[in-house]
Amino acid sequence: MSVQAAARNAGRSYGDIYSGWKNDREGFWLEAAKAIDWVSPPRRAFDRDSGPYGRWFPDATCNTCHNALDRHVAAGRGNQTAIIYDSPVTGTVRHITYGEMLDEVATLAAVLKDMGVSKGDRVVIYMPMVPEAVAAMLACARIGAVHSVVFGGFAAKELAARIDDAQPGVILAASCGIEVQRVVPYKPLLDEAIALATHKPKACLVLQRPQAQATMVEGRDRDWAQAVSAAREAGRKAPCETVAATDPLYVLYTSGTTGKPKGVVRDNGGHMVALAWSMDHLYGVAPGEVFWTASDIGWVVGHSYIVYAPLIHGATSVLYEGKPVGTPDAGAYWRVIAQHGVVTLFTAPTAFRAIKKEDPEGRLVAGRDLSRFRALFLAGERADPDTVMWAEKLVGVPVIDHWWQTETGWPIAGNPIGVERLPVKYGSPTVPMPGWELKVLDEQGRPLPAGEMGTLAATLPLPPGALPTLWNADQRFRESYTSIFPGHYCTSDAGYIDEDGYVYVMGRTDDIINVAGHRLSTGGMEEALSSHPAVAECAVIGIADALKGEVPCGFVVLKSGVSAAPETVEKEIVTLVRDRIGPVAAFKLAIAVRRLPKTRSGKILRGTMKKIADGQAWTMPATVEDPAVFEEIASALAARGVPARS
Ligand code: COA
Ligand code: AMP
């Protein structure tokens, strides 16, 4: 932990802090709220009568951008680096100070205001990992607009679904992203998405990158650089707008159990309080230190720990436009840690599996100065003990698994090294953070004893930082999360808690799969498969993958009378998913089969299919209509080399 955190938290234990929260749940967060600059500070912690389960800091007002930038400049951090933009794909390393970032953000915010964006309006951001994307998020926060960042690996149709739900007045985009050697033009995808969407934005601000020139639509698209420099020359800057702590800061769409994504709402006040608390107590990072989250701003991990938490905390955040391997090699992470003096890295286990695969002996660590590196945090999927142990041995720092979801915005469970380092139990993200009272419930909602597997649920209310609701969808929020086990938030993660209170998260209870730390709905993929004219019925399952954790595998039954060869349809289906959902789905395996295994009542037995594909022991479900179908599935999989022999 940092020297400052060590001093502040000296003599305190996780147990003290957690029981302190349990004894005074509202007082705890009012105290934590002191880390934030408020326009008017909270006098009440919680209002249980508003929103689906209550709202945090109901009487407070604030501005998130002020806390991320202005206050640090005012406190003398203007010349400290806020963002280190490290982009091996463009050969760029740029240090941007808090002062420069404030100037950029305030100017961009003025441009947004000129484009008609005001408090409460939504702004979609479809951009790669460039500093302008961070500025875009903060500029929205500055004027009280609600941003909705869409990950670049999604296809036009997914972007269109988000545009229709968020109804943005303005979209901010870049001409392209860069995937290792491949330039991915974003503008054609944006134009296609706007054509597909029912809602049409009034204007788009487009950042032209030298790698691809976007064609501009007359009367709708404006050039980013020109607009910002014109505003700068005119000396235009937008001040921070005062918003209610409960006003939305952003909407981030995540996979739900259908093709329609869920718009996770994040508020301003609770979000800041929770993130500030976590930087200090969980990550143990001090203001001024270098914190690196290797993710993408399109995911929640990027929102919280590339942009908001490090900046609110006054740390320096690395914005890395590259991959763990291939940019240029599996030593990239060690290079970044050494070059920028990173103290804490946060990424997904899949990144370390990728590094381990290419450099199992860790030869590329040699010669790198990792002396300032203190901890590696992993999340996004279960951290498999092999990878954790390999990383621990290689870098000699604690490797900390921690568990969270887009919905929660910050970790539910972790090892709070800013307070004390608890013993690691491999396979467990350690213990619940304050704010999270976890239970393991059976299907009837009855608590299960220690060690027994069930659904992980959290007692309501959720802590600050977690979603108060879904965008324009209170009822969907209740149905998805709080009415399954009344009085609780259902995480849809299966797991157990051991005798020592350590949490184990084993997998989802719904149709969500985790592909390279990216969350995807197999239901959404099935919707895409079913739209192929030759497909009568289909099932998509996640199958084990040594690198990505899971990858999707789609089974299709073709309509009778289809003349196309099954192999042709399989190829078309792979292309269809890439076009409909995007390359991020990593959907590469479609298998045409004669029939699908079903129960007598017609339910597809996906769970057993998954066990067969993963090479796990399985038993014949008593309800199966025809047991012979599983043989057919097993041989269709075997013909494709599944399960893979390790
Ligand atoms: N824009 C456009 N396309 C994108 C994209 C983006 N922002 N991000 C990914 N893609 C594409 C990739 O190019 C790839 O396309 P391909 O099928 O043509 O090769 C596809 O989407 C799948 O991407 P990804 O899952 O990232 O796989 P990969 O093989 O390129 O890389 C890893 C694998 C493990 C190296 C990579 O997933 C990784 O670095 N993950 C760890 C960090 C992380 O991002 N975690 C997420 C949440 S914490
Ligand atoms: P996302 O919303 O994309 O962050 O994905 C959330 C899901 O990822 C969770 O519901 C879990 O299934 C999984 N997940 C995230 N972190 C962990 C972890 N540390 N251990 C196990 N599963 C995890």
# chains A, B, ... in the order shown; residues from 1 in each chain; ligands from 1
$ residues_around --residues "Val264 in chain A" --least-positions-apart "4" --cutoff "8 Å" --atoms "only C-alpha atoms" --output "number ranges by chain"
A: 251-254, 406-407, 467, 469-471
$ residues_near_ligand --ligand "ligand 2" --cutoff "7 Å" --atoms "only C-alpha atoms and all ligand atoms" --output "PyMOL selection string"
chain A and resi 254+299-301+378-383+401-407+429+491-493+505-508+514+517-519
$ atom_distance --atom1 "CA of Gly120 in chain A" --atom2 "CA of Asp247 in chain A"
8.0 Å
$ closest_residue --among "A:Leu589, A:Ile96, A:Ala338, A:Ala238" --to "ligand 1" --atoms "only C-alpha atoms and all ligand atoms"
A:Leu589
$ select_by_dssp --residues "range 122-366 of chain A" --states "helix (DSSP H, G or I)" --output "PyMOL selection string"
chain A and resi 131-143+156-166+187-196+224-233+269-281+300-313+332-340+349-358+363-365
$ closest_residue --among "A:Ile417, A:Met127, A:Met433, A:Ala586" --to "ligand 1" --atoms "only C-alpha atoms and all ligand atoms"
A:Ala586
$ atom_distance --atom1 "CA of Ala174 in chain A" --atom2 "atom 1 (N, counted along the ligand's line) of ligand 1"
11.3 Å
$ residues_around --residues "Val419 in chain A" --least-positions-apart "6" --cutoff "7 Å" --atoms "only C-alpha atoms" --output "PDB file with N, CA, C and O atoms, in the first residue's frame"
ATOM      1  N   ASN A   9      -4.341   4.396   7.611  1.00  0.00           N
ATOM      2  CA  ASN A   9      -5.081   3.215   8.036  1.00  0.00           C
ATOM      3  C   ASN A   9      -4.322   2.393   9.083  1.00  0.00           C
ATOM      4  O   ASN A   9      -4.703   1.265   9.373  1.00  0.00           O
ATOM      5  N   ARG A  12      -5.727  -0.170  11.721  1.00  0.00           N
ATOM      6  CA  ARG A  12      -7.099  -0.548  11.390  1.00  0.00           C
ATOM      7  C   ARG A  12      -7.065  -1.874  10.643  1.00  0.00           C
ATOM      8  O   ARG A  12      -6.108  -2.186   9.933  1.00  0.00           O
ATOM      9  N   SER A  13      -8.111  -2.631  10.813  1.00  0.00           N
ATOM     10  CA  SER A  13      -8.160  -3.899  10.104  1.00  0.00           C
ATOM     11  C   SER A  13      -9.402  -3.905   9.226  1.00  0.00           C
ATOM     12  O   SER A  13     -10.310  -3.095   9.409  1.00  0.00           O
ATOM     13  N   TYR A  14      -9.392  -4.838   8.281  1.00  0.00           N
ATOM     14  CA  TYR A  14     -10.587  -5.006   7.446  1.00  0.00           C
ATOM     15  C   TYR A  14     -11.797  -5.268   8.338  1.00  0.00           C
ATOM     16  O   TYR A  14     -12.877  -4.691   8.143  1.00  0.00           O
ATOM     17  N   HIS A 281      -8.695   2.541   0.128  1.00  0.00           N
ATOM     18  CA  HIS A 281      -8.768   1.364   1.000  1.00  0.00           C
ATOM     19  C   HIS A 281      -8.562   0.036   0.291  1.00  0.00           C
ATOM     20  O   HIS A 281      -7.994  -0.893   0.863  1.00  0.00           O
TER      21      HIS A 281
END
$ residues_around --residues "range 204-213 of chain A" --least-positions-apart "2" --cutoff "6 Å" --atoms "only C-alpha atoms" --output "list in words"
Val170, Ile171, Leu172, Ala173, Ala174, Ser175, Asp221, Arg222, Asp223 and Trp224 of chain A
$ write_last_selection --atoms "N, CA, C and O atoms" --output "PDB file, in the first residue's frame"
ATOM      1  N   VAL A 170     -26.435  14.457 -29.443  1.00  0.00           N
ATOM      2  CA  VAL A 170     -25.144  14.558 -30.125  1.00  0.00           C
ATOM      3  C   VAL A 170     -24.377  13.251 -29.940  1.00  0.00           C
ATOM      4  O   VAL A 170     -24.483  12.608 -28.887  1.00  0.00           O
ATOM      5  N   ILE A 171     -23.611  12.881 -30.962  1.00  0.00           N
ATOM      6  CA  ILE A 171     -22.720  11.709 -30.846  1.00  0.00           C
ATOM      7  C   ILE A 171     -21.284  12.174 -31.069  1.00  0.00           C
ATOM      8  O   ILE A 171     -21.015  12.954 -31.987  1.00  0.00           O
ATOM      9  N   LEU A 172     -20.395  11.717 -30.211  1.00  0.00           N
ATOM     10  CA  LEU A 172     -18.976  12.012 -30.361  1.00  0.00           C
ATOM     11  C   LEU A 172     -18.285  10.743 -30.849  1.00  0.00           C
ATOM     12  O   LEU A 172     -18.474   9.673 -30.266  1.00  0.00           O
ATOM     13  N   ALA A 173     -17.522  10.869 -31.928  1.00  0.00           N
ATOM     14  CA  ALA A 173     -16.910   9.674 -32.504  1.00  0.00           C
ATOM     15  C   ALA A 173     -15.523   9.996 -33.026  1.00  0.00           C
ATOM     16  O   ALA A 173     -15.145  11.151 -33.157  1.00  0.00           O
ATOM     17  N   ALA A 174     -14.782   8.919 -33.314  1.00  0.00           N
ATOM     18  CA  ALA A 174     -13.478   9.085 -33.958  1.00  0.00           C
ATOM     19  C   ALA A 174     -13.543   8.383 -35.302  1.00  0.00           C
ATOM     20  O   ALA A 174     -14.399   7.515 -35.516  1.00  0.00           O
ATOM     21  N   SER A 175     -12.613   8.744 -36.181  1.00  0.00           N
ATOM     22  CA  SER A 175     -12.651   8.143 -37.518  1.00  0.00           C
ATOM     23  C   SER A 175     -12.306   6.658 -37.475  1.00  0.00           C
ATOM     24  O   SER A 175     -12.775   5.894 -38.303  1.00  0.00           O
ATOM     25  N   ASP A 221     -22.303  16.493 -39.430  1.00  0.00           N
ATOM     26  CA  ASP A 221     -21.013  16.182 -38.798  1.00  0.00           C
ATOM     27  C   ASP A 221     -20.114  17.411 -38.720  1.00  0.00           C
ATOM     28  O   ASP A 221     -20.009  18.174 -39.685  1.00  0.00           O
ATOM     29  N   ARG A 222     -19.446  17.536 -37.581  1.00  0.00           N
ATOM     30  CA  ARG A 222     -18.476  18.630 -37.424  1.00  0.00           C
ATOM     31  C   ARG A 222     -17.113  18.058 -37.100  1.00  0.00           C
ATOM     32  O   ARG A 222     -17.016  17.020 -36.430  1.00  0.00           O
ATOM     33  N   ASP A 223     -16.094  18.750 -37.544  1.00  0.00           N
ATOM     34  CA  ASP A 223     -14.733  18.289 -37.286  1.00  0.00           C
ATOM     35  C   ASP A 223     -14.316  18.682 -35.859  1.00  0.00           C
ATOM     36  O   ASP A 223     -14.389  19.848 -35.476  1.00  0.00           O
ATOM     37  N   TRP A 224     -13.887  17.708 -35.113  1.00  0.00           N
ATOM     38  CA  TRP A 224     -13.541  17.880 -33.692  1.00  0.00           C
ATOM     39  C   TRP A 224     -12.445  18.932 -33.505  1.00  0.00           C
ATOM     40  O   TRP A 224     -12.608  19.899 -32.756  1.00  0.00           O
TER      41      TRP A 224
END
$ atom_distance --atom1 "atom 14 (C, counted along the ligand's line) of ligand 1" --atom2 "CA of Ser295 in chain A"
14.2 Å
